[in-house]
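Listing of data37.txt, compact mmCIF, C-alpha atoms and all ligand atoms
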```
# COMPACT_ATOMS: atom_id res chain seq x y z
CA MET A 13 0.00 0.00 0.00
CA HIS A 14 1.33 3.43 -0.94
CA SER A 15 1.21 6.11 1.71
CA THR A 16 0.42 9.58 0.48
CA ASN A 17 1.19 11.17 3.89
CA LEU A 18 4.97 10.93 3.53
CA PRO A 19 6.64 13.59 1.34
CA PRO A 20 8.99 12.38 -1.39
CA TYR A 21 12.70 12.71 -0.47
CA PRO A 22 14.65 14.93 -1.06
CA THR A 23 12.20 17.77 -1.24
CA GLY A 24 12.33 21.47 -2.11
CA ALA A 25 15.46 23.23 -0.87
CA ALA A 26 17.12 19.95 0.06
CA ARG A 27 16.84 18.69 -3.52
CA ASN A 28 18.46 21.89 -4.78
CA PHE A 29 21.22 21.55 -2.21
CA PHE A 30 22.17 18.05 -3.43
CA ARG A 31 22.11 19.23 -7.02
CA ARG A 32 24.96 21.73 -6.46
CA PRO A 33 28.10 20.50 -8.32
CA PHE A 34 30.42 21.11 -5.33
CA VAL A 35 28.21 19.17 -2.92
CA PHE A 36 27.84 16.39 -5.48
CA PHE A 37 31.63 16.22 -5.72
CA CYS A 38 31.99 16.06 -1.94
CA TRP A 39 29.48 13.24 -1.68
CA SER A 40 31.25 11.30 -4.43
CA TYR A 41 34.53 11.72 -2.60
CA VAL A 42 33.04 10.49 0.69
CA LEU A 43 31.51 7.45 -1.05
CA LEU A 44 34.81 6.67 -2.77
CA LEU A 45 36.68 6.83 0.56
CA ALA A 46 34.06 4.60 2.18
CA PHE A 47 34.44 2.08 -0.64
CA LEU A 48 38.24 2.05 -0.41
CA PHE A 49 38.12 1.71 3.37
CA SER A 50 35.66 -1.19 3.32
CA SER A 51 37.58 -3.00 0.59
CA GLN A 52 40.75 -2.59 2.64
CA ILE A 53 39.01 -4.14 5.67
CA LEU A 54 37.76 -6.98 3.47
CA HIS A 55 41.24 -7.49 2.09
CA THR A 56 42.72 -7.63 5.59
CA GLN A 57 40.11 -10.13 6.73
CA THR A 58 40.56 -12.46 3.75
CA ARG A 59 44.37 -12.32 3.78
CA PRO A 60 45.65 -15.79 4.74
CA SER A 61 46.92 -16.01 8.31
CA PRO A 62 50.62 -16.77 8.83
CA ALA A 63 51.37 -20.47 8.26
CA ALA A 64 50.50 -22.56 11.32
CA ALA A 65 53.48 -24.08 13.11
CA PHE A 66 54.59 -27.45 11.78
CA VAL A 67 55.87 -29.24 14.84
CA VAL A 68 58.46 -32.03 14.82
CA VAL A 69 59.51 -33.93 17.95
CA LEU A 70 63.03 -35.36 18.04
CA ASP A 71 63.77 -37.99 20.65
CA PRO A 72 67.50 -38.74 20.96
CA ALA A 73 67.29 -42.18 22.56
CA HIS A 74 69.12 -43.11 25.77
CA GLY A 75 71.02 -40.57 27.90
CA GLY A 76 72.48 -40.22 31.37
CA ALA A 77 73.33 -43.58 32.94
CA ASP A 78 71.78 -45.33 29.94
CA SER A 79 74.55 -45.09 27.30
CA GLY A 80 72.81 -47.29 24.74
CA ALA A 81 75.00 -49.24 22.33
CA HIS A 82 78.79 -48.91 22.36
CA LEU A 83 79.89 -47.81 18.92
CA SER A 84 83.34 -47.42 17.40
CA ASP A 85 86.23 -45.78 19.27
CA GLY A 86 84.36 -45.58 22.55
CA ALA A 87 81.53 -43.49 21.08
CA THR A 88 78.23 -44.19 22.77
CA GLU A 89 74.79 -44.30 21.22
CA LYS A 90 73.45 -41.62 23.58
CA ASP A 91 76.04 -39.10 22.28
CA VAL A 92 75.55 -39.97 18.60
CA THR A 93 71.76 -39.69 18.83
CA LEU A 94 72.06 -36.28 20.56
CA ALA A 95 74.55 -35.03 17.93
CA LEU A 96 72.21 -36.17 15.15
CA ALA A 97 69.19 -34.55 16.85
CA ASN A 98 71.05 -31.22 17.31
CA ARG A 99 72.15 -31.14 13.66
CA LEU A 100 68.67 -32.05 12.45
CA ARG A 101 67.06 -29.45 14.71
CA ASN A 102 69.24 -26.69 13.24
CA LEU A 103 68.42 -27.73 9.67
CA LEU A 104 64.69 -27.84 10.43
CA GLU A 105 64.56 -24.56 12.38
CA GLU A 106 66.35 -22.80 9.50
CA ARG A 107 63.43 -23.96 7.35
CA GLY A 108 60.64 -22.75 9.61
CA PHE A 109 59.84 -25.91 11.56
CA THR A 110 59.06 -25.83 15.26
CA VAL A 111 61.29 -28.47 16.84
CA ILE A 112 60.76 -30.01 20.28
CA MET A 113 63.57 -32.16 21.67
CA THR A 114 62.78 -34.65 24.44
CA ARG A 115 66.31 -33.97 25.74
CA ASN A 116 69.06 -31.57 24.68
CA SER A 117 71.62 -32.68 27.25
CA ASP A 118 72.93 -35.94 28.70
CA ALA A 119 69.67 -36.45 30.61
CA ASP A 120 68.17 -39.77 31.58
CA LEU A 121 64.47 -39.67 30.73
CA SER A 122 61.94 -42.43 31.23
CA ASP A 123 59.90 -43.68 28.29
CA THR A 124 56.81 -42.22 29.94
CA GLN A 125 58.45 -38.77 30.18
CA ARG A 126 59.46 -38.92 26.51
CA ALA A 127 55.97 -39.93 25.38
CA ALA A 128 54.31 -37.29 27.57
CA LEU A 129 56.59 -34.56 26.17
CA ALA A 130 55.96 -35.68 22.60
CA ASN A 131 52.18 -35.99 23.00
CA ARG A 132 51.89 -32.55 24.61
CA ALA A 133 53.58 -31.04 21.53
CA HIS A 134 50.78 -32.17 19.16
CA ALA A 135 53.48 -32.82 16.57
CA GLN A 136 52.98 -33.63 12.92
CA ALA A 137 56.00 -35.95 13.05
CA CYS A 138 58.01 -37.68 15.78
CA LEU A 139 61.41 -39.23 15.12
CA LEU A 140 63.00 -41.56 17.68
CA LEU A 141 66.72 -41.58 16.99
CA HIS A 142 68.93 -44.61 17.66
CA ALA A 143 72.36 -45.80 16.54
CA THR A 144 73.87 -49.27 16.33
CA SER A 145 77.07 -50.96 15.28
CA SER A 146 75.27 -53.86 13.60
CA GLY A 147 73.17 -54.13 10.44
CA SER A 148 73.68 -51.76 7.51
CA GLY A 149 72.69 -48.19 6.55
CA ILE A 150 69.45 -46.80 7.96
CA HIS A 151 66.87 -48.92 9.76
CA LEU A 152 63.34 -47.49 9.90
CA PHE A 153 60.84 -48.97 12.29
CA ASN A 154 57.13 -48.44 12.71
CA SER A 155 55.08 -49.72 15.61
CA SER A 156 53.82 -53.27 15.24
CA LEU A 157 50.38 -52.19 16.51
CA ALA A 158 47.44 -52.79 14.17
CA PRO A 159 45.51 -49.66 13.09
CA ALA A 160 42.80 -48.61 15.55
CA ASP A 161 39.29 -49.67 14.54
CA ALA A 162 37.66 -46.48 13.27
CA THR A 163 34.18 -48.04 13.66
CA ALA A 164 34.70 -48.87 17.35
CA PRO A 165 32.66 -46.82 19.87
CA HIS A 166 34.43 -43.55 20.70
CA ARG A 167 36.46 -43.70 23.88
CA SER A 168 36.98 -40.56 25.89
CA PHE A 169 40.62 -41.46 26.62
CA THR A 170 43.45 -42.91 24.55
CA PRO A 171 44.95 -46.09 26.03
CA TRP A 172 48.56 -45.20 26.92
CA GLU A 173 50.11 -48.51 25.82
CA THR A 174 48.46 -48.49 22.38
CA ALA A 175 48.07 -44.77 21.63
CA GLN A 176 50.08 -45.16 18.40
CA ALA A 177 47.37 -47.42 16.89
CA GLY A 178 45.37 -44.31 15.97
CA SER A 179 48.28 -42.88 13.94
CA ILE A 180 49.89 -46.00 12.53
CA THR A 181 48.71 -45.37 8.96
CA ARG A 182 50.31 -41.92 8.96
CA SER A 183 53.42 -43.32 10.66
CA ILE A 184 53.88 -45.83 7.84
CA ALA A 185 53.44 -43.00 5.31
CA LEU A 186 56.12 -40.97 7.15
CA ALA A 187 58.50 -43.96 7.02
CA ALA A 188 57.84 -44.21 3.27
CA GLU A 189 58.72 -40.51 2.92
CA ILE A 190 62.02 -41.05 4.76
CA ASN A 191 62.71 -44.20 2.72
CA ALA A 192 62.15 -42.24 -0.52
CA ALA A 193 64.62 -39.55 0.57
CA PHE A 194 67.39 -42.04 1.41
CA SER A 195 66.66 -44.08 -1.72
CA ALA A 196 67.35 -40.93 -3.79
CA LEU A 197 70.98 -40.93 -2.58
CA THR A 198 73.07 -42.61 -5.25
CA GLY A 199 76.69 -43.42 -6.06
CA ARG A 200 79.07 -43.07 -3.15
CA ASN A 201 76.39 -41.23 -1.14
CA ALA A 202 74.06 -44.25 -1.30
CA ILE A 203 72.74 -45.51 2.05
CA PRO A 204 70.70 -48.73 2.11
CA VAL A 205 67.39 -48.61 4.01
CA THR A 206 65.70 -51.43 5.89
CA LEU A 207 62.02 -51.08 6.85
CA GLY A 208 60.49 -52.98 9.73
CA ARG A 209 57.76 -53.11 12.34
CA THR A 210 58.60 -53.55 15.99
CA TYR A 211 57.49 -53.10 19.54
CA LEU A 212 59.59 -50.20 20.77
CA ARG A 213 59.02 -48.01 23.76
CA PRO A 214 57.98 -45.21 23.86
CA MET A 215 56.78 -45.35 20.22
CA ASP A 216 53.58 -47.30 21.01
CA SER A 217 52.51 -44.53 23.41
CA LEU A 218 52.93 -41.70 20.87
CA THR A 219 49.89 -40.08 19.28
CA CYS A 220 51.87 -38.47 16.42
CA ALA A 221 53.07 -39.96 13.13
CA ALA A 222 56.14 -41.73 14.54
CA VAL A 223 59.16 -43.49 13.09
CA ALA A 224 62.23 -44.89 14.84
CA VAL A 225 65.37 -44.12 12.82
CA GLU A 226 68.40 -46.27 13.63
CA VAL A 227 71.74 -45.31 12.10
CA ALA A 228 74.09 -48.21 11.33
CA PRO A 229 77.45 -48.48 9.54
CA LEU A 230 77.28 -49.20 5.80
CA ASN A 231 79.09 -52.47 6.49
CA ALA A 232 79.19 -53.51 10.13
CA LYS A 233 82.04 -55.99 9.41
CA ASP A 234 84.32 -53.23 8.12
CA PRO A 235 86.11 -51.37 10.96
CA HIS A 236 86.47 -48.26 8.73
CA ASP A 237 82.71 -48.22 8.00
CA ARG A 238 81.92 -48.67 11.68
CA LYS A 239 84.07 -45.65 12.51
CA GLU A 240 82.65 -43.65 9.60
CA ALA A 241 79.03 -44.24 10.72
CA ASP A 242 79.27 -41.93 13.74
CA SER A 243 81.63 -39.35 12.16
CA PRO A 244 80.40 -35.74 11.87
CA ASP A 245 80.28 -36.11 8.05
CA SER A 246 78.03 -39.13 8.24
CA ILE A 247 75.79 -37.58 10.90
CA ASP A 248 75.47 -34.47 8.72
CA ARG A 249 74.49 -36.53 5.66
CA VAL A 250 71.85 -38.46 7.62
CA ALA A 251 70.52 -35.24 9.21
CA ARG A 252 70.25 -33.48 5.83
CA THR A 253 68.39 -36.42 4.28
CA LEU A 254 66.02 -36.64 7.25
CA ALA A 255 65.42 -32.86 7.06
CA TRP A 256 64.61 -33.18 3.36
CA SER A 257 62.14 -36.01 4.04
CA LEU A 258 60.43 -33.85 6.71
CA GLN A 259 60.25 -30.93 4.25
CA GLN A 260 58.53 -33.29 1.79
CA TRP A 261 56.26 -34.55 4.59
CA ARG A 262 55.28 -30.96 5.46
CA SER A 263 54.66 -30.15 1.81
CA HIS A 264 52.49 -33.25 1.30
CA SER A 265 50.66 -32.74 4.62
CA THR A 266 49.84 -29.06 4.16
CA GLY A 267 49.58 -28.87 0.37
CA ALA A 268 52.10 -26.00 0.42
CA PRO A 269 54.61 -26.22 -2.43
CA GLN A 270 58.17 -27.21 -1.67
CA MET A 271 60.18 -24.01 -2.23
CA ASP A 272 63.59 -24.94 -0.80
CA ASP A 273 65.46 -27.52 -2.88
CA SER A 274 68.83 -27.14 -1.14
CA LEU A 275 68.63 -30.47 0.73
CA ASN A 276 67.25 -32.51 -2.17
CA PRO A 277 69.22 -35.80 -2.09
CA ALA A 278 68.76 -36.10 -5.87
CA HIS A 279 71.38 -33.34 -6.25
CA ALA A 280 73.73 -34.81 -3.66
CA ASP A 281 75.93 -36.73 -6.05
CA ALA A 282 76.62 -33.83 -8.42
CA GLY A 283 79.54 -32.53 -6.37
CA GLY A 284 80.56 -35.81 -4.80
CA LYS A 285 80.26 -35.89 -1.06
CA ARG A 286 77.86 -33.40 0.50
ZN ZN A 301 69.01 -47.46 20.98
```
In structure tokens, how does this file's structure come out?
Amino acid sequence: MHSTNLPPYPTGAARNFFRRPFVFFCWSYVLLLAFLFSSQILHTQTRPSPAAAFVVVLDPAHGGADSGAHLSDGATEKDVTLALANRLRNLLEERGFTVIMTRNSDADLSDTQRAALANRAHAQACLLLHATSSGSGIHLFNSSLAPADATAPHRSFTPWETAQAGSITRSIALAAEINAAFSALTGRNAIPVTLGRTYLRPMDSLTCAAVAVEVAPLNAKDPHDRKEADSPDSIDRVARTLAWSLQQWRSHSTGAPQMDDSLNPAHADAGGKR
């Protein structure tokens, strides 16, 4: 229904006022500013937030009174795993990762303390680092737990002893990523990889994608190879290849393109030893 009581707007003098060229210009200017301001707000609101932290937990196995395996020349596993973790942490932090170490000194931590630290970090990857004087190359282990039954009734708590069951599929995918990185090393940089499943504490209590990485000599029967396995050069090569595999893991997990090719093991042989 049309009301005849209300006057049309603008009326009389007001209409004349708005028709003045100067006033028209002013109104146009105000509208333009309003448009620019609102589009700026919109732009700010739709701008992607800074990339969320990609967290990696490194667990240098053993420590304190627990020396782990005795390697060549009196080197102990606890020192080699800590050296590898420190080198890997630097490489990852330089590339924007958030790195949590379960220990960064000669500390003796229980398996429960390690798992609690790792689970609190809500990490996208957890690497348990070991070293041995037997076997050959790099040994990668996933938990032997079967995947959790996704159709089972939801439980309000995660059983501590089998927490890894919920992440085992991702853990196997992470091991495949690490295997691919080491398999790309060729020529004299080549390092053989062995994949396995095992019961290993504290891995079964971890809720993240978790892989145990054990560094072995290329040939355990060769004294030179045994000594070479825990040399700074060898630790650096293993750390760089692990860092590359975690860069690939981040890229595949987040969908963000891989921008930094400097650790790509495919280029490692071009100049001989890295
Ligand atoms: Zn060990």
Please return as a list in words the residues found within 8 Å of ligand ZN 301 (chain A), counting all atoms listed in the file. Ala73, His74, Gly80, Ala81, Glu89, Lys90, Leu141, His142, Ala143, Thr144 and Glu226 of chain A
Please, what distance in Å, to one decimal, runs between atom CA of Ser274 of chain A and atom CA of Gln136 of chain A?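 Rounded to one decimal, the two atoms are 22.2 Å apart.
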Just to confirm, what's the straight-line distance from atom CA of Ser84 of chain A to atom CA of Arg238 of chain A in Å (one decimal)? 6.0 Å
Pick out the residues sitting within 12 Å of Asp85 of chain A, and hand them over as an MDAnalysis selection string; count all atoms listed in the file, and ignore anything fewer than 3 positions along from it in its own chain. chainID A and resid 82 88:89 145 235:236 238:243
For atom CA of Leu103 of chain A and atom CA of Arg182 of chain A, determine how far apart the two atoms are, in Å to one decimal place.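 Atom-to-atom, atom CA of Leu103 of chain A to atom CA of Arg182 of chain A, that is 23.0 Å.
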